[in-house]
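Structure file structure.txt with compact mmCIF, C-alpha atoms:
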```txt
# COMPACT_ATOMS: atom_id res chain seq x y z
CA MET E 1 -15.03 213.71 -17.69
CA ALA E 2 -13.06 212.67 -20.79
CA ASN E 3 -11.47 216.13 -20.94
CA ASP E 4 -10.38 215.94 -17.30
CA PRO E 5 -8.11 212.89 -17.05
CA LEU E 6 -6.26 211.86 -13.91
CA ILE E 7 -2.56 211.42 -14.68
CA ILE E 8 -0.30 209.39 -12.40
CA ALA E 9 3.36 208.93 -13.30
CA GLY E 10 2.57 209.87 -16.90
CA THR E 11 -0.31 207.36 -17.18
CA PRO E 12 -3.67 208.98 -18.05
CA LEU E 13 -6.70 207.45 -16.37
CA ALA E 14 -10.21 208.17 -17.64
CA SER E 15 -11.76 207.10 -14.33
CA ARG E 16 -10.99 208.52 -10.88
CA PHE E 17 -12.40 205.40 -9.25
CA PHE E 18 -9.86 202.85 -7.95
CA ILE E 19 -11.74 199.68 -7.04
CA GLY E 20 -10.72 196.73 -4.88
CA THR E 21 -11.30 193.09 -5.78
CA GLY E 22 -11.74 191.48 -2.37
CA ARG E 23 -14.69 190.56 -0.13
CA TYR E 24 -17.28 190.07 -2.89
CA PRO E 25 -19.73 187.18 -2.45
CA ASN E 26 -18.57 185.57 -5.72
CA PRO E 27 -16.60 186.34 -8.92
CA PHE E 28 -19.77 187.08 -10.92
CA VAL E 29 -20.84 189.84 -8.53
CA GLN E 30 -17.27 191.12 -8.45
CA ASN E 31 -17.18 191.48 -12.23
CA GLU E 32 -20.60 193.14 -12.30
CA ALA E 33 -19.35 195.74 -9.83
CA ILE E 34 -16.14 196.32 -11.78
CA ILE E 35 -18.14 196.94 -14.96
CA ALA E 36 -20.53 199.31 -13.18
CA SER E 37 -17.65 201.24 -11.59
CA GLY E 38 -16.00 202.10 -14.90
CA ALA E 39 -12.68 201.90 -13.04
CA ASP E 40 -9.34 201.74 -14.83
CA VAL E 41 -7.36 200.73 -11.74
CA LEU E 42 -7.84 197.47 -9.86
CA THR E 43 -6.20 196.91 -6.50
CA PHE E 44 -5.65 193.65 -4.63
CA ALA E 45 -3.44 192.16 -1.94
CA ILE E 46 -0.34 190.51 -3.38
CA ARG E 47 -0.55 187.81 -0.73
CA ARG E 48 -3.83 186.63 -2.31
CA VAL E 49 -2.29 186.18 -5.78
CA ASN E 50 -0.42 183.17 -7.12
CA LEU E 51 2.79 184.87 -8.18
CA GLN E 52 4.06 181.68 -9.82
CA HIS E 53 1.30 181.95 -12.43
CA PRO E 54 -0.23 185.45 -12.16
CA GLY E 55 -1.80 185.23 -15.61
CA GLU E 56 -3.83 182.22 -14.51
CA ASP E 57 -4.79 183.51 -11.07
CA ALA E 58 -8.55 183.59 -10.46
CA ILE E 59 -8.33 187.00 -8.77
CA LEU E 60 -6.94 188.52 -11.96
CA GLN E 61 -9.43 186.90 -14.31
CA HIS E 62 -11.72 189.87 -14.83
CA LEU E 63 -13.21 191.11 -18.07
CA GLU E 64 -12.27 189.99 -21.55
CA GLY E 65 -11.49 192.88 -23.87
CA LYS E 66 -10.83 195.30 -20.98
CA SER E 67 -7.33 196.15 -19.82
CA PHE E 68 -6.66 197.50 -16.34
CA GLN E 69 -3.86 199.20 -14.51
CA TYR E 70 -3.08 196.81 -11.67
CA LEU E 71 -2.27 198.33 -8.28
CA PRO E 72 -1.15 195.45 -6.04
CA ASN E 73 -0.83 196.29 -2.36
CA THR E 74 1.41 195.10 0.43
CA SER E 75 -1.42 194.39 2.88
CA GLY E 76 -0.18 192.16 5.69
CA ALA E 77 3.24 193.81 5.90
CA HIS E 78 4.25 195.13 9.31
CA THR E 79 7.64 196.60 8.41
CA ALA E 80 9.22 198.46 5.53
CA GLU E 81 11.43 195.46 4.81
CA GLU E 82 8.40 193.17 4.42
CA ALA E 83 6.62 195.63 2.12
CA ILE E 84 9.73 196.10 -0.03
CA ARG E 85 10.19 192.34 -0.40
CA ILE E 86 6.54 191.86 -1.38
CA ALA E 87 6.72 194.67 -3.95
CA ARG E 88 9.87 193.22 -5.52
CA LEU E 89 8.23 189.79 -5.81
CA ALA E 90 5.20 191.31 -7.52
CA ARG E 91 7.32 193.15 -10.07
CA ALA E 92 9.53 190.12 -10.70
CA SER E 93 6.41 188.09 -11.51
CA GLY E 94 5.48 190.62 -14.21
CA LEU E 95 2.41 191.73 -12.28
CA SER E 96 3.01 195.48 -12.10
CA ASP E 97 5.56 198.12 -11.21
CA TRP E 98 2.80 200.11 -9.54
CA ILE E 99 2.59 199.38 -5.83
CA LYS E 100 0.33 200.52 -3.02
CA VAL E 101 2.47 200.53 0.11
CA GLU E 102 0.28 199.40 2.99
CA ILE E 103 1.98 198.76 6.33
CA SER E 104 -0.24 198.38 9.38
CA ALA E 105 1.03 198.97 12.88
CA SER E 106 -2.03 197.57 14.66
CA GLU E 107 -4.23 194.58 13.88
CA LYS E 108 -7.10 196.27 15.72
CA THR E 109 -7.17 199.62 13.92
CA LEU E 110 -5.19 198.72 10.76
CA LEU E 111 -3.87 202.27 10.83
CA PRO E 112 -0.75 202.75 8.70
CA ASP E 113 2.67 202.91 10.34
CA PRO E 114 4.01 206.35 9.31
CA VAL E 115 7.70 205.64 9.88
CA GLU E 116 7.76 202.30 8.06
CA THR E 117 5.58 203.62 5.24
CA LEU E 118 7.95 206.53 4.63
CA LYS E 119 10.97 204.17 4.63
CA ALA E 120 9.37 201.78 2.12
CA THR E 121 8.22 204.61 -0.14
CA GLU E 122 11.70 206.10 -0.36
CA VAL E 123 13.35 202.76 -1.17
CA LEU E 124 10.78 201.60 -3.72
CA ALA E 125 10.59 204.97 -5.48
CA GLY E 126 14.37 204.86 -5.74
CA GLU E 127 14.09 201.46 -7.43
CA GLY E 128 11.75 202.81 -10.08
CA PHE E 129 8.40 201.68 -8.69
CA THR E 130 5.33 203.85 -9.11
CA VAL E 131 4.57 204.13 -5.40
CA LEU E 132 1.17 205.04 -4.00
CA PRO E 133 1.45 204.88 -0.19
CA TYR E 134 -1.60 204.45 2.03
CA THR E 135 -1.24 206.77 4.98
CA SER E 136 -3.08 208.75 7.63
CA ASP E 137 -4.60 212.17 7.02
CA ASP E 138 -1.56 213.98 8.44
CA PRO E 139 -0.69 216.87 6.08
CA ILE E 140 2.99 216.89 7.08
CA LEU E 141 3.40 213.15 6.57
CA CYS E 142 1.65 213.32 3.19
CA LYS E 143 4.11 216.01 2.10
CA ARG E 144 7.05 213.94 3.30
CA LEU E 145 5.79 210.95 1.27
CA GLU E 146 5.57 213.16 -1.81
CA GLU E 147 9.14 214.35 -1.22
CA ALA E 148 10.23 210.71 -0.82
CA GLY E 149 9.09 210.00 -4.38
CA ALA E 150 5.45 208.92 -4.13
CA ALA E 151 3.65 209.20 -7.47
CA ALA E 152 0.41 209.82 -5.57
CA VAL E 153 -0.47 209.88 -1.88
CA MET E 154 -3.45 208.00 -0.45
CA PRO E 155 -4.66 209.34 2.92
CA GLY E 156 -7.47 207.55 4.69
CA ALA E 157 -10.72 209.33 5.45
CA SER E 158 -11.12 207.06 8.50
CA PRO E 159 -9.91 203.55 9.43
CA ILE E 160 -10.21 200.79 6.82
CA GLY E 161 -13.62 199.19 6.51
CA THR E 162 -15.32 201.40 9.12
CA GLY E 163 -17.55 203.36 6.75
CA LEU E 164 -17.27 206.34 9.10
CA GLY E 165 -16.72 208.77 6.24
CA ILE E 166 -14.41 211.77 6.41
CA LEU E 167 -13.45 212.37 10.02
CA ASN E 168 -11.22 215.38 9.35
CA PRO E 169 -12.17 217.37 6.22
CA TYR E 170 -9.91 220.20 7.36
CA ASN E 171 -6.82 217.99 7.14
CA LEU E 172 -7.81 216.60 3.75
CA GLY E 173 -8.24 220.13 2.47
CA LEU E 174 -4.75 221.05 3.68
CA ILE E 175 -3.28 217.93 2.08
CA VAL E 176 -4.83 218.83 -1.28
CA GLU E 177 -3.70 222.45 -0.97
CA GLU E 178 -0.06 221.51 -0.37
CA ALA E 179 0.21 218.58 -2.82
CA ASN E 180 2.06 218.52 -6.12
CA VAL E 181 1.04 214.92 -6.81
CA PRO E 182 -2.46 213.40 -7.02
CA ILE E 183 -4.27 212.76 -3.75
CA ILE E 184 -6.43 209.62 -3.66
CA VAL E 185 -8.68 209.09 -0.63
CA ASP E 186 -8.29 205.50 0.50
CA ALA E 187 -10.28 203.85 3.30
CA GLY E 188 -13.20 204.69 5.54
CA LEU E 189 -15.76 205.94 3.04
CA GLY E 190 -19.19 204.32 3.22
CA SER E 191 -21.65 206.02 0.89
CA ALA E 192 -22.01 208.17 -2.20
CA LYS E 193 -22.38 211.17 0.12
CA ASP E 194 -18.91 210.53 1.57
CA VAL E 195 -17.44 210.19 -1.90
CA ALA E 196 -18.97 213.43 -3.18
CA GLU E 197 -17.71 215.24 -0.07
CA ALA E 198 -14.18 213.95 -0.64
CA MET E 199 -14.18 214.99 -4.29
CA GLU E 200 -15.55 218.44 -3.44
CA LEU E 201 -12.54 218.93 -1.17
CA GLY E 202 -10.39 218.67 -4.29
CA VAL E 203 -8.96 215.17 -4.02
CA ASP E 204 -8.09 213.58 -7.35
CA GLY E 205 -9.74 210.20 -6.88
CA VAL E 206 -11.12 207.61 -4.50
CA LEU E 207 -10.14 204.01 -3.75
CA MET E 208 -12.87 201.74 -2.38
CA ASN E 209 -13.46 198.07 -1.75
CA THR E 210 -15.59 197.28 1.30
CA PRO E 211 -18.34 199.91 0.66
CA VAL E 212 -18.98 198.30 -2.72
CA ALA E 213 -18.22 194.64 -2.05
CA LYS E 214 -20.28 194.43 1.15
CA ALA E 215 -23.24 196.47 -0.10
CA LYS E 216 -26.54 194.62 -0.53
CA ASP E 217 -26.23 195.28 -4.28
CA PRO E 218 -22.51 195.78 -5.11
CA ALA E 219 -23.04 196.63 -8.80
CA ARG E 220 -25.63 199.26 -7.99
CA MET E 221 -23.41 200.71 -5.26
CA ALA E 222 -20.45 200.79 -7.65
CA LYS E 223 -22.49 202.83 -10.10
CA ALA E 224 -23.61 205.17 -7.31
CA MET E 225 -20.00 205.71 -6.28
CA LYS E 226 -18.98 206.35 -9.88
CA LEU E 227 -21.66 209.02 -10.28
CA ALA E 228 -20.75 210.57 -6.92
CA ILE E 229 -17.12 210.84 -8.00
CA GLU E 230 -18.16 212.58 -11.21
CA ALA E 231 -20.62 214.91 -9.45
CA GLY E 232 -18.15 215.81 -6.72
CA ARG E 233 -15.40 216.50 -9.22
CA LEU E 234 -17.65 218.72 -11.34
CA SER E 235 -18.79 220.58 -8.23
CA TYR E 236 -15.17 221.17 -7.19
CA LEU E 237 -14.21 222.45 -10.65
CA ALA E 238 -17.30 224.66 -10.83
CA GLY E 239 -16.53 226.30 -7.48
CA ARG E 240 -19.13 226.42 -4.72
CA ILE E 241 -20.60 229.64 -3.35
CA PRO E 242 -19.03 230.92 -0.13
CA LYS E 243 -20.76 230.03 3.12
CA LYS E 244 -22.51 232.91 4.88
CA ARG E 245 -23.91 233.30 8.34
CA TYR E 246 -27.14 235.00 7.22
CA ALA E 247 -29.60 234.51 4.39
CA THR E 248 -29.37 236.22 1.02
CA ALA E 249 -32.45 236.43 -1.19
CA SER E 250 -32.00 235.05 -4.69
CA SER E 251 -34.04 238.03 -5.99
CA GLN E 252 -32.78 241.32 -4.59
CA LEU E 253 -35.19 244.17 -3.75
CA GLU E 254 -33.58 246.50 -6.28
CA ASP E 255 -34.11 243.87 -8.99
CA LEU E 256 -37.83 243.78 -8.18
CA ILE E 257 -38.13 247.60 -8.23
CA SER E 258 -36.34 247.87 -11.57
CA THR E 259 -38.72 245.39 -13.17
```
Could you show the structure in this file as C-alpha cells?
Amino acid sequence: MANDPLIIAGTPLASRFFIGTGRYPNPFVQNEAIIASGADVLTFAIRRVNLQHPGEDAILQHLEGKSFQYLPNTSGAHTAEEAIRIARLARASGLSDWIKVEISASEKTLLPDPVETLKATEVLAGEGFTVLPYTSDDPILCKRLEEAGAAAVMPGASPIGTGLGILNPYNLGLIVEEANVPIIVDAGLGSAKDVAEAMELGVDGVLMNTPVAKAKDPARMAKAMKLAIEAGRLSYLAGRIPKKRYATASSQLEDLIST
C-alpha cells in the first residue's frame, strides 16, 4: 500500500486506519492496539485532554520514536459555537490544527446535528483548520460539507458504538461517487467484514475506536481491521466482476471443444 497513499490537506498518510484512544482497559493494551493497527492518525476527545500541559497528558503518551497526526474531536459539543470554541482551544494549546467536528443532537442516538455541523465546518475551515466533520450518510449533506471547506468528510455507517455495520451501502456509494475530497467512514462498524465492505465501496479510510477497544483482544482486532482495510482497498482498485442473475461456468463449452 506504500504506492497508494491517502492524502488529506497535502499530508500523505501511509495508513488508511484512523484509530481512537478511548475505552481501552488500560494504557498498555491501548498501545498494543495502536502498534498493531499501523495507524498514522490518532483521534481523541479534547475534553479528555489537559490542554494546560498537552505534552504531559497521559492520553497523548503513546509510543516513543513514532510520530502521529493528531485528530482531536469536539465530542460533547451540542452547538456549532461550542465546537468552534473547543477547536480554538485545542489549536491554541499547540495540540493540532486538524479537528474532527462532532456535534451530537441527541444523547440517546449520538447522531450528528447536520445544521450545526455545517455551520462549524464553514467557520473553522475559514480560520485555517483542517476540518474533518463527522456526519450522517446523507449524500447531499456530505457534498455541502465539502463545499464548506472540509478537508475530508466522515459519514457514519451506523450510530456510534452500535457495531451494526453499514446500514445504507447505496448512500455511501453515492457519497464516494460525488466526492472530491477523501471519504472516511466513521462510526458503527463492528468487524473486519464491515471494514472490507466499506473499503470495497471506494471510501478512502476508516476511523474506529469501540470495535477495537472493546474487543476481547484489542491488539488482535486492530490487526484484523488493518488487514481488512488493505484487502478492501485492493479489491476496490482491482475492480470486482459484475453481479449476474444466473450462473456462468468458469470453463466455457467452446473452450472444452477446442482443447
Taking into account only C-alpha atoms, which residue in the set E:Leu145, E:Leu71, E:Met208, E:Ala247 is nearest to E:Val123?
-> E:Leu145
From atom CA of E:Met154 to atom CA of E:Thr135 the spacing works out at 6.0 Å
To one decimal place, how far is atom CA of E:Pro5 from atom CA of E:Glu230 in Å?
->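 Rounded to one decimal, the two atoms are 11.6 Å apart.
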Closest to E:Lys223 among E:Asp97, E:Gln69, E:Ala87, E:Ser191, using all atoms listed in the file?
->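 Checking each of E:Asp97, E:Gln69, E:Ala87, E:Ser191 against E:Lys223, counting all atoms listed in the file, the winner is E:Ser191.
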Mind giving me the straight-line distance from atom CA of E:Ile140 to atom CA of E:Leu167 in Å, one decimal?
->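 If I compute the distance from atom CA of E:Ile140 to atom CA of E:Leu167, I get 17.3 Å.
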Best match for closeness to E:Thr210 among E:Ala33, E:Ala83, E:Val101, E:Ala14, counting all atoms listed in the file | E:Ala33
Shell around E:Leu172 at 10 Å using all atoms listed in the file, local window under 2 positions removed, as a list in words | Ser136, Asp137, Asp138, Pro139, Pro155, Gly156, Ala157, Ile166, Leu167, Asn168, Pro169, Tyr170, Leu174, Ile175, Val176, Glu177, Ile183, Val185, Ala198, Leu201, Gly202 and Val203 of chain E
Given the selection you just returned, output its residues as a file containing C-alpha atoms, formatted as a compact mmCIF listing (two decimals), in the coordinates of the input.
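Written out: again08.txt:
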```txt
# COMPACT_ATOMS: atom_id res chain seq x y z
CA SER E 136 -3.08 208.75 7.63
CA ASP E 137 -4.60 212.17 7.02
CA ASP E 138 -1.56 213.98 8.44
CA PRO E 139 -0.69 216.87 6.08
CA PRO E 155 -4.66 209.34 2.92
CA GLY E 156 -7.47 207.55 4.69
CA ALA E 157 -10.72 209.33 5.45
CA ILE E 166 -14.41 211.77 6.41
CA LEU E 167 -13.45 212.37 10.02
CA ASN E 168 -11.22 215.38 9.35
CA PRO E 169 -12.17 217.37 6.22
CA TYR E 170 -9.91 220.20 7.36
CA LEU E 174 -4.75 221.05 3.68
CA ILE E 175 -3.28 217.93 2.08
CA VAL E 176 -4.83 218.83 -1.28
CA GLU E 177 -3.70 222.45 -0.97
CA ILE E 183 -4.27 212.76 -3.75
CA VAL E 185 -8.68 209.09 -0.63
CA ALA E 198 -14.18 213.95 -0.64
CA LEU E 201 -12.54 218.93 -1.17
CA GLY E 202 -10.39 218.67 -4.29
CA VAL E 203 -8.96 215.17 -4.02
```
Which residue out of E:Ser67, E:Asn73, E:Asn26, E:Thr121 has the minimum interatomic distance to E:Lys100 when only C-alpha atoms are used?
->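 Nearest to E:Lys100: E:Asn73.
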Distance criterion (only C-alpha atoms): nearest to E:Gln30 out of E:Thr79, E:Ser93, E:Ser15, E:Asn209 = E:Asn209
Please complete stretch 135-148 of chain E with N, CA, C and O atoms and give it back as a CSV table (one decimal), in the frame of the given file.
```csv
chain,number,residue,atom,x,y,z
E,135,THR,N,-1.7,206.1,3.8
E,135,THR,CA,-1.2,206.8,5.0
E,135,THR,C,-2.4,207.4,5.7
E,135,THR,O,-3.5,207.3,5.3
E,136,SER,N,-2.1,208.0,6.9
E,136,SER,CA,-3.1,208.8,7.6
E,136,SER,C,-3.3,210.1,7.0
E,136,SER,O,-2.6,210.5,6.1
E,137,ASP,N,-4.3,210.8,7.6
E,137,ASP,CA,-4.6,212.2,7.0
E,137,ASP,C,-3.8,213.3,7.7
E,137,ASP,O,-4.3,214.4,8.0
E,138,ASP,N,-2.5,213.0,7.9
E,138,ASP,CA,-1.6,214.0,8.4
E,138,ASP,C,-0.9,214.8,7.3
E,138,ASP,O,-0.2,214.2,6.5
E,139,PRO,N,-1.2,216.1,7.2
E,139,PRO,CA,-0.7,216.9,6.1
E,139,PRO,C,0.8,216.9,6.0
E,139,PRO,O,1.4,216.8,4.9
E,140,ILE,N,1.5,216.9,7.1
E,140,ILE,CA,3.0,216.9,7.1
E,140,ILE,C,3.5,215.6,6.6
E,140,ILE,O,4.4,215.5,5.7
E,141,LEU,N,3.0,214.5,7.0
E,141,LEU,CA,3.4,213.2,6.6
E,141,LEU,C,3.1,213.0,5.1
E,141,LEU,O,4.0,212.4,4.3
E,142,CYS,N,2.0,213.4,4.6
E,142,CYS,CA,1.6,213.3,3.2
E,142,CYS,C,2.7,214.1,2.3
E,142,CYS,O,3.1,213.6,1.3
E,143,LYS,N,3.1,215.2,2.8
E,143,LYS,CA,4.1,216.0,2.1
E,143,LYS,C,5.4,215.3,2.1
E,143,LYS,O,6.2,215.3,1.1
E,144,ARG,N,5.8,214.7,3.2
E,144,ARG,CA,7.0,213.9,3.3
E,144,ARG,C,7.0,212.7,2.3
E,144,ARG,O,8.1,212.4,1.7
E,145,LEU,N,5.9,212.1,2.2
E,145,LEU,CA,5.8,211.0,1.3
E,145,LEU,C,6.0,211.4,-0.2
E,145,LEU,O,6.6,210.8,-1.0
E,146,GLU,N,5.4,212.6,-0.5
E,146,GLU,CA,5.6,213.2,-1.8
E,146,GLU,C,7.0,213.4,-2.1
E,146,GLU,O,7.6,213.1,-3.1
E,147,GLU,N,7.7,214.0,-1.1
E,147,GLU,CA,9.1,214.4,-1.2
E,147,GLU,C,10.0,213.1,-1.3
E,147,GLU,O,11.1,213.1,-1.9
E,148,ALA,N,9.5,212.0,-0.8
E,148,ALA,CA,10.2,210.7,-0.8
E,148,ALA,C,10.1,210.0,-2.2
E,148,ALA,O,10.7,209.0,-2.4
```
